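Peer 1: The structure under discussion is supplied below as structure tokens; questions concerning it will follow.
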Amino acid sequence: MDKLIIKGGGPLSGEIRISGSKNSALPILAATMLSETPIQIGNLPHLNDITTMLALLRSMGLAVTLNEKMSVEIDANTITEYTAPYELVKTMRASILVLGPMLARYGRANVSFPGGCAIGSRPVDIHLRGLEAMGAVIEVDEGYIRARSHGRLKGAHIFMDTVTVGATENLLMAAVLAEGETVLENAARELEVVDLAHCLCAMGAHIEGIGTDKLVIQGVKSLKGCEYHIMPDRIETGTFLTAAAATRGHVKLKDTHPGILESVLIKLEEAGAHISFGDNWISLDMKGNRPKAVSLKTAPYPAFPTDMQAQFTAMNAVSEGTGTVVETIFENRLIQIHELNRMGANIRLEGNTAIVTGVERLKAAPVMATDLRASASLVIAGLVADGDTLVDRIYHIDRGYECIEEKLQLLGVNIRRVPS
Ligand code: UD1
């Protein structure tokens with residue numbers, strides 16, 4: 001297993017480019033299955049999760065042609081298998097996103113039941129209940145969700161009792177080809193859901209209420225290909241900005257924009273960052289000052305994203321004062337604090353709340369990544385620690401951050417990958 005060695009040092013400084021959004025790209029790649037003609041998707045990030053999704057589509061027989069600029073052409077007409085196997089689903093839970101589109105287009109889908117993961121139990125009951133309301137017959141057999149539809153799915157009025165990104169996406173992808181009207185109430189408003197909805201509309205879908213918590217979909221008989229460009233990754237953007245703030249640095253991020261992470265920018269300004277921006281860039285300047293600890297609570301969009309919580313906890317660990325971080329989305333997503341405390345942080349855990357009292361600097365230690373965003377927080381901690389921090393199990397990072405060490409090197413960091 002590869003490891004990262006980070007020599008803690010001075011402020012981040014320089015310019016880098018932000019990649020396309022992983023969490024938009026995954027559902028949009030699943031949605032390509034809905035198209036009757038080939039479809040082109042551009043600005044894909046070069047990440048293990050994207051490779052896994054493309055491998056999944058290929059394993060089902062879809063024709064996938066990737067060009068060197070990370071745009072892909074997908075022709076779903078060559079499908080031969082209707083199964084997302086355990087081997088792929090176990091490496092990436094987002095494989096569940098093929099369930100809705102496969103069922104809607106082909107009337108059948110078998111998807112390995114995704115288990116829990118380090119950050120929580122992560123059930124898929126809302127996905128399944130919604131598809132059943134649209135007429136699907138679903139059974140769970142030998143660890144597989146086996147879904148069938150006799151004829152087209154039927155439009156339905158669905159109230160989701162928890163705001164869930166994945167279920168909103170799965171049900172939206174099913175509804176666009178269902179017969180009649182589907183209403184999705186209490187839908188997730190995350191920008192990745194919006195990106196998916198825009199892509200579906202470009203394919204010929206009829207969706208109203210995009211960006212709100214009520215999506216109204218008029219099903220159509222068929223969808224066609226289009227060319228679609230994935231939005232910038234707001235979590236990668238936020239991660240580099242937070243790393244810069246923690247190190248008292250000054251960075252400019254290109255190919256991204258401020259409208260996608262308002263709640264995060266507000267907190268960074270509260271921490272003392274000076275933010276400026278244009279249409280396709282954001283810059284952050286700490287003017288050499290130590291950040292001030294901030295308090296925050298994660299919640300569905302447009303509130304503060306759970307995917308940025310670990311990075312802010314790491315920044316708070318070296319900030320002035322005490323910040324309280326409340327995690328409300330996943331039950332076990334504060335686990336990285338034990339590793340941060342091993343590096344000299346002063347963080348107390350009370351239920352779903354981390355009380356973080358900043359120290360001047362952390363101390364390097366060997367640490368272990370447990371999930372994607374937790375590993376980003378350990379990298380940030382390594383940047384502000386005295387000595388060489390060794391981050392193990394970085395396959396988690398490679399799932400979600402394109403070329404993280406190259407990008408950090410461009411910002412002046414002494415970081416290297418040690419192959420296993
Ligand atoms: C997506 C993101 C992930 C992010 C999360 C929350 C992708 C690929 N991943 O994950 O990075 O952290 O949104 O913003 O886009 N739930 C149920 N039943 C269900 C489905 C979800 O109870 O059927 C619960 C979950 O356990 C969790 C909450 O709903 O507590 C939100 O989860 P959800 O929004 O579905 O997360 P994902 O789509 O898996």
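Scheme for the structure tokens: letters A, B, ... for chains in order shown; per-chain residue numbers from 1; ligand numbers from 1 in order shown.
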As a PDB file with all heavy atoms, in the first residue's frame, please: every protein or nucleic acid residue near ligand 1 (cut-off 6 Å, counting only C-alpha atoms and all ligand atoms).
Peer 2:
ATOM      1  N   ASN A  23     -18.090  13.635  -7.217  1.00  0.00           N
ATOM      2  CA  ASN A  23     -19.452  13.268  -6.832  1.00  0.00           C
ATOM      3  C   ASN A  23     -20.505  13.664  -7.870  1.00  0.00           C
ATOM      4  O   ASN A  23     -21.652  13.232  -7.786  1.00  0.00           O
ATOM      5  CB  ASN A  23     -19.802  13.866  -5.460  1.00  0.00           C
ATOM      6  CG  ASN A  23     -19.099  13.112  -4.334  1.00  0.00           C
ATOM      7  OD1 ASN A  23     -18.430  12.106  -4.577  1.00  0.00           O
ATOM      8  ND2 ASN A  23     -19.244  13.603  -3.116  1.00  0.00           N
ATOM      9  N   ALA A  94     -20.694   3.987  -4.254  1.00  0.00           N
ATOM     10  CA  ALA A  94     -21.463   4.746  -5.239  1.00  0.00           C
ATOM     11  C   ALA A  94     -21.881   3.884  -6.434  1.00  0.00           C
ATOM     12  O   ALA A  94     -22.668   4.326  -7.270  1.00  0.00           O
ATOM     13  CB  ALA A  94     -20.666   5.969  -5.704  1.00  0.00           C
ATOM     14  N   ARG A 122     -24.674   3.643   6.665  1.00  0.00           N
ATOM     15  CA  ARG A 122     -25.030   4.010   5.290  1.00  0.00           C
ATOM     16  C   ARG A 122     -26.017   3.044   4.609  1.00  0.00           C
ATOM     17  O   ARG A 122     -25.693   2.366   3.632  1.00  0.00           O
ATOM     18  CB  ARG A 122     -23.771   4.180   4.444  1.00  0.00           C
ATOM     19  CG  ARG A 122     -22.851   5.232   5.022  1.00  0.00           C
ATOM     20  CD  ARG A 122     -21.674   5.505   4.164  1.00  0.00           C
ATOM     21  NE  ARG A 122     -21.933   6.480   3.135  1.00  0.00           N
ATOM     22  CZ  ARG A 122     -21.005   6.934   2.290  1.00  0.00           C
ATOM     23  NH1 ARG A 122     -19.787   6.483   2.358  1.00  0.00           N
ATOM     24  NH2 ARG A 122     -21.314   7.832   1.382  1.00  0.00           N
ATOM     25  N   PRO A 123     -27.250   3.006   5.095  1.00  0.00           N
ATOM     26  CA  PRO A 123     -28.253   2.137   4.467  1.00  0.00           C
ATOM     27  C   PRO A 123     -28.708   2.653   3.094  1.00  0.00           C
ATOM     28  O   PRO A 123     -28.406   3.797   2.734  1.00  0.00           O
ATOM     29  CB  PRO A 123     -29.417   2.195   5.459  1.00  0.00           C
ATOM     30  CG  PRO A 123     -29.254   3.473   6.195  1.00  0.00           C
ATOM     31  CD  PRO A 123     -27.777   3.769   6.223  1.00  0.00           C
ATOM     32  N   VAL A 124     -29.424   1.800   2.339  1.00  0.00           N
ATOM     33  CA  VAL A 124     -29.960   2.230   1.034  1.00  0.00           C
ATOM     34  C   VAL A 124     -31.480   2.044   0.980  1.00  0.00           C
ATOM     35  O   VAL A 124     -32.064   1.938  -0.087  1.00  0.00           O
ATOM     36  CB  VAL A 124     -29.278   1.488  -0.153  1.00  0.00           C
ATOM     37  CG1 VAL A 124     -27.831   1.930  -0.306  1.00  0.00           C
ATOM     38  CG2 VAL A 124     -29.370  -0.019  -0.011  1.00  0.00           C
ATOM     39  N   ASP A 125     -32.109   2.003   2.162  1.00  0.00           N
ATOM     40  CA  ASP A 125     -33.549   1.760   2.228  1.00  0.00           C
ATOM     41  C   ASP A 125     -34.365   2.783   1.441  1.00  0.00           C
ATOM     42  O   ASP A 125     -35.362   2.441   0.810  1.00  0.00           O
ATOM     43  CB  ASP A 125     -34.002   1.728   3.704  1.00  0.00           C
ATOM     44  CG  ASP A 125     -33.583   2.982   4.464  1.00  0.00           C
ATOM     45  OD1 ASP A 125     -32.448   3.457   4.252  1.00  0.00           O
ATOM     46  OD2 ASP A 125     -34.389   3.498   5.254  1.00  0.00           O
ATOM     47  N   ILE A 126     -33.923   4.039   1.437  1.00  0.00           N
ATOM     48  CA  ILE A 126     -34.721   5.075   0.761  1.00  0.00           C
ATOM     49  C   ILE A 126     -34.638   4.902  -0.765  1.00  0.00           C
ATOM     50  O   ILE A 126     -35.616   5.112  -1.481  1.00  0.00           O
ATOM     51  CB  ILE A 126     -34.274   6.478   1.220  1.00  0.00           C
ATOM     52  CG1 ILE A 126     -34.461   6.576   2.753  1.00  0.00           C
ATOM     53  CG2 ILE A 126     -35.052   7.579   0.523  1.00  0.00           C
ATOM     54  CD1 ILE A 126     -33.861   7.796   3.401  1.00  0.00           C
ATOM     55  N   HIS A 127     -33.487   4.467  -1.255  1.00  0.00           N
ATOM     56  CA  HIS A 127     -33.359   4.158  -2.690  1.00  0.00           C
ATOM     57  C   HIS A 127     -34.392   3.078  -3.053  1.00  0.00           C
ATOM     58  O   HIS A 127     -35.114   3.190  -4.043  1.00  0.00           O
ATOM     59  CB  HIS A 127     -31.981   3.568  -3.032  1.00  0.00           C
ATOM     60  CG  HIS A 127     -30.796   4.421  -2.689  1.00  0.00           C
ATOM     61  ND1 HIS A 127     -29.849   4.775  -3.615  1.00  0.00           N
ATOM     62  CD2 HIS A 127     -30.367   4.961  -1.521  1.00  0.00           C
ATOM     63  CE1 HIS A 127     -28.891   5.493  -3.040  1.00  0.00           C
ATOM     64  NE2 HIS A 127     -29.184   5.609  -1.769  1.00  0.00           N
ATOM     65  N   THR A 162     -35.325  11.249   4.893  1.00  0.00           N
ATOM     66  CA  THR A 162     -34.010  11.828   5.192  1.00  0.00           C
ATOM     67  C   THR A 162     -33.532  12.500   3.916  1.00  0.00           C
ATOM     68  O   THR A 162     -33.841  12.018   2.823  1.00  0.00           O
ATOM     69  CB  THR A 162     -33.011  10.701   5.549  1.00  0.00           C
ATOM     70  OG1 THR A 162     -33.536   9.975   6.649  1.00  0.00           O
ATOM     71  CG2 THR A 162     -31.635  11.215   5.894  1.00  0.00           C
ATOM     72  N   THR A 164     -31.147  12.699   1.293  1.00  0.00           N
ATOM     73  CA  THR A 164     -30.054  11.848   0.839  1.00  0.00           C
ATOM     74  C   THR A 164     -29.688  12.138  -0.612  1.00  0.00           C
ATOM     75  O   THR A 164     -30.545  12.158  -1.492  1.00  0.00           O
ATOM     76  CB  THR A 164     -30.321  10.333   1.054  1.00  0.00           C
ATOM     77  OG1 THR A 164     -29.908   9.585  -0.111  1.00  0.00           O
ATOM     78  CG2 THR A 164     -31.745   9.989   1.363  1.00  0.00           C
ATOM     79  N   VAL A 165     -28.403  12.354  -0.806  1.00  0.00           N
ATOM     80  CA  VAL A 165     -27.880  12.688  -2.134  1.00  0.00           C
ATOM     81  C   VAL A 165     -28.058  11.481  -3.062  1.00  0.00           C
ATOM     82  O   VAL A 165     -28.634  11.581  -4.149  1.00  0.00           O
ATOM     83  CB  VAL A 165     -26.387  13.075  -2.034  1.00  0.00           C
ATOM     84  CG1 VAL A 165     -25.778  13.299  -3.412  1.00  0.00           C
ATOM     85  CG2 VAL A 165     -26.218  14.303  -1.149  1.00  0.00           C
ATOM     86  N   GLY A 166     -27.574  10.328  -2.615  1.00  0.00           N
ATOM     87  CA  GLY A 166     -27.581   9.145  -3.478  1.00  0.00           C
ATOM     88  C   GLY A 166     -28.988   8.711  -3.855  1.00  0.00           C
ATOM     89  O   GLY A 166     -29.248   8.401  -5.023  1.00  0.00           O
ATOM     90  N   ALA A 167     -29.914   8.689  -2.894  1.00  0.00           N
ATOM     91  CA  ALA A 167     -31.282   8.252  -3.216  1.00  0.00           C
ATOM     92  C   ALA A 167     -31.947   9.258  -4.143  1.00  0.00           C
ATOM     93  O   ALA A 167     -32.648   8.870  -5.093  1.00  0.00           O
ATOM     94  CB  ALA A 167     -32.097   8.064  -1.936  1.00  0.00           C
ATOM     95  N   THR A 306     -20.609  17.850   5.154  1.00  0.00           N
ATOM     96  CA  THR A 306     -19.915  16.832   5.961  1.00  0.00           C
ATOM     97  C   THR A 306     -18.559  16.484   5.332  1.00  0.00           C
ATOM     98  O   THR A 306     -17.608  16.158   6.039  1.00  0.00           O
ATOM     99  CB  THR A 306     -20.781  15.567   6.119  1.00  0.00           C
ATOM    100  OG1 THR A 306     -20.017  14.578   6.789  1.00  0.00           O
ATOM    101  CG2 THR A 306     -21.246  14.984   4.804  1.00  0.00           C
ATOM    102  N   ASP A 307     -18.463  16.579   4.000  1.00  0.00           N
ATOM    103  CA  ASP A 307     -17.210  16.223   3.332  1.00  0.00           C
ATOM    104  C   ASP A 307     -16.087  17.239   3.583  1.00  0.00           C
ATOM    105  O   ASP A 307     -14.952  17.016   3.156  1.00  0.00           O
ATOM    106  CB  ASP A 307     -17.434  16.072   1.814  1.00  0.00           C
ATOM    107  CG  ASP A 307     -18.135  14.770   1.470  1.00  0.00           C
ATOM    108  OD1 ASP A 307     -18.312  13.927   2.363  1.00  0.00           O
ATOM    109  OD2 ASP A 307     -18.515  14.599   0.295  1.00  0.00           O
ATOM    110  N   ILE A 329     -24.401  14.235   9.872  1.00  0.00           N
ATOM    111  CA  ILE A 329     -24.803  13.398   8.725  1.00  0.00           C
ATOM    112  C   ILE A 329     -24.412  11.927   8.907  1.00  0.00           C
ATOM    113  O   ILE A 329     -25.213  11.029   8.696  1.00  0.00           O
ATOM    114  CB  ILE A 329     -24.185  13.927   7.407  1.00  0.00           C
ATOM    115  CG1 ILE A 329     -24.500  15.414   7.218  1.00  0.00           C
ATOM    116  CG2 ILE A 329     -24.660  13.110   6.210  1.00  0.00           C
ATOM    117  CD1 ILE A 329     -25.902  15.748   6.833  1.00  0.00           C
ATOM    118  N   PHE A 330     -23.167  11.686   9.283  1.00  0.00           N
ATOM    119  CA  PHE A 330     -22.707  10.300   9.455  1.00  0.00           C
ATOM    120  C   PHE A 330     -22.282  10.079  10.901  1.00  0.00           C
ATOM    121  O   PHE A 330     -21.619  10.936  11.495  1.00  0.00           O
ATOM    122  CB  PHE A 330     -21.547   9.986   8.505  1.00  0.00           C
ATOM    123  CG  PHE A 330     -21.951   9.978   7.056  1.00  0.00           C
ATOM    124  CD1 PHE A 330     -21.538  10.975   6.194  1.00  0.00           C
ATOM    125  CD2 PHE A 330     -22.785   8.974   6.560  1.00  0.00           C
ATOM    126  CE1 PHE A 330     -21.919  10.978   4.860  1.00  0.00           C
ATOM    127  CE2 PHE A 330     -23.177   8.962   5.230  1.00  0.00           C
ATOM    128  CZ  PHE A 330     -22.743   9.964   4.373  1.00  0.00           C
TER     129      PHE A 330
END
Peer 1: Could you find all residues in stretch 56-196 of chain A that DSSP calls alpha helix (DSSP H) from the backbone, and write them as an NGL selection string?
Peer 2: :A and (56-59 or 86-89 or 99-106 or 125-133 or 165-175 or 191-196)
Peer 1: Hey, which bits of stretch 84-198 of chain A sit within 12 Å of stretch 235-244 of chain A, and for each residue what's the closest pair of atoms and how far apart in Å (one decimal), counting only C-alpha atoms, rows by chain and increasing number, as CSV?
Peer 2:
residue,atom,partner,partner_atom,distance
A:Glu190,CA,A:Ile235,CA,11.9
A:Leu191,CA,A:Ile235,CA,11.3
A:Glu192,CA,A:Ile235,CA,11.1
Peer 1: Write out as a PyMOL selection string each polymer residue whose atoms come within 7 Å of A:Pro114, counting only C-alpha atoms; drop sequence neighbours fewer than 6 positions from it.
Peer 2: chain A and resi 89-90+93
Peer 1: Considering only C-alpha atoms, return as a list in words whatever protein or nucleic-acid residues lie within 10 Å of A:Glu169, sequence-local ones (same chain, fewer than 2 positions apart) excluded.
Peer 2: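 Neighbouring residues, sequence-local ones excluded: Pro27, Ile28, Ala30, Ala31, Leu97, Gly100, Pro101, His127, Thr164, Val165, Gly166, Ala167, Leu171, Leu172, Met173, Ala174, Ala175, Ala187, Ala188, Glu192, Val193, Val194, Leu196 and Ala197 of chain A.
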Peer 1: Kindly indicate which residue among A:Ala293, A:Leu362, A:Ile282, A:Leu372 lies nearest to A:Glu270, using only C-alpha atoms for the distances.
Peer 2: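 Answer, going by the shortest atom-to-atom distance: A:Ala293.
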Peer 1: Pick out the residues sitting within 7 Å of A:Leu383, and hand them over as a ChimeraX atom specification; count only C-alpha atoms, and ignore anything fewer than 3 positions along from it in its own chain.
Peer 2: /A:6-9,247,379-380
Peer 1: Please write the residues from the selection above to a file, keeping all heavy atoms, as a CSV table (one decimal), in the first residue's frame.
Peer 2:
chain,number,residue,atom,x,y,z
A,6,ILE,N,5.2,13.6,4.4
A,6,ILE,CA,5.0,15.0,4.3
A,6,ILE,C,6.0,15.7,5.3
A,6,ILE,O,5.9,15.4,6.5
A,6,ILE,CB,3.6,15.5,4.6
A,6,ILE,CG1,2.6,14.7,3.7
A,6,ILE,CG2,3.4,17.0,4.5
A,6,ILE,CD1,1.2,14.6,4.3
A,7,LYS,N,6.8,16.6,4.8
A,7,LYS,CA,7.6,17.3,5.7
A,7,LYS,C,6.9,18.6,6.0
A,7,LYS,O,6.6,19.4,5.1
A,7,LYS,CB,9.0,17.6,5.0
A,7,LYS,CG,10.0,18.2,6.0
A,7,LYS,CD,11.4,18.5,5.3
A,7,LYS,CE,12.2,17.2,5.3
A,7,LYS,NZ,12.6,16.6,6.6
A,8,GLY,N,6.5,18.8,7.3
A,8,GLY,CA,5.8,20.0,7.7
A,8,GLY,C,6.7,21.2,7.4
A,8,GLY,O,7.9,21.1,7.6
A,9,GLY,N,6.1,22.3,7.0
A,9,GLY,CA,6.9,23.4,6.7
A,9,GLY,C,6.1,24.7,6.7
A,9,GLY,O,5.2,24.9,7.5
A,247,THR,N,-2.0,26.6,7.0
A,247,THR,CA,-0.5,26.9,6.9
A,247,THR,C,-0.2,28.4,6.8
A,247,THR,O,1.0,28.7,6.6
A,247,THR,CB,0.1,26.2,5.7
A,247,THR,OG1,-0.5,26.7,4.5
A,247,THR,CG2,-0.1,24.7,5.7
A,379,VAL,N,-3.4,14.8,5.9
A,379,VAL,CA,-2.4,15.5,5.1
A,379,VAL,C,-2.3,16.9,5.6
A,379,VAL,O,-1.1,17.5,5.7
A,379,VAL,CB,-2.8,15.4,3.6
A,379,VAL,CG1,-1.9,16.4,2.8
A,379,VAL,CG2,-2.7,14.0,3.1
A,380,ILE,N,-3.4,17.6,5.9
A,380,ILE,CA,-3.3,19.0,6.4
A,380,ILE,C,-2.5,19.0,7.7
A,380,ILE,O,-1.7,19.9,7.9
A,380,ILE,CB,-4.8,19.6,6.6
A,380,ILE,CG1,-5.4,19.7,5.2
A,380,ILE,CG2,-4.7,20.9,7.3
A,380,ILE,CD1,-6.9,20.2,5.2
Peer 1: For stretch 43-46 of chain A, find every residue with an atom within 9 Å (counting only C-alpha atoms), except residues of its own chain fewer than 6 positions away, and show them as JSON, numbers by chain.
Peer 2: {"A": [19, 20, 21, 22, 25, 69, 70, 71, 72, 228, 229, 230, 231, 232, 233, 400, 401, 402, 403]}
Peer 1: Could you please determine the separation between atom CA of A:Glu350 and atom CA of A:Leu268 in Å, to one decimal place?
Peer 2: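 Computed distance, atom CA of A:Glu350 to atom CA of A:Leu268, equals 24.2 Å.
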Peer 1: Which neighbours of A:Ser283 fall inside 8 Å, counting only C-alpha atoms, when residues of the same chain fewer than 6 positions from it are skipped, and could you give them as a list in words?
Peer 2: His250, Val251, Lys252, Leu253, Ile275, Ser276 and Phe277 of chain A
Peer 1: Considering only C-alpha atoms, can you say which of A:Ala84, A:Val111, A:Lys267, A:Met160 comes closest to A:Val140?
Peer 2: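 Distance minimum relative to A:Val140 lands on A:Val111.
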Peer 1: Could you find all residues in stretch 127-360 of chain A that DSSP calls strand (DSSP E) from the backbone, and write them as a PyMOL selection string?
Peer 2: chain A and resi 137-141+144-148+157-159+181-185+206-208+214-218+227-229+250-254+274-278+281-285+296-297+322-326+346-350+353-357
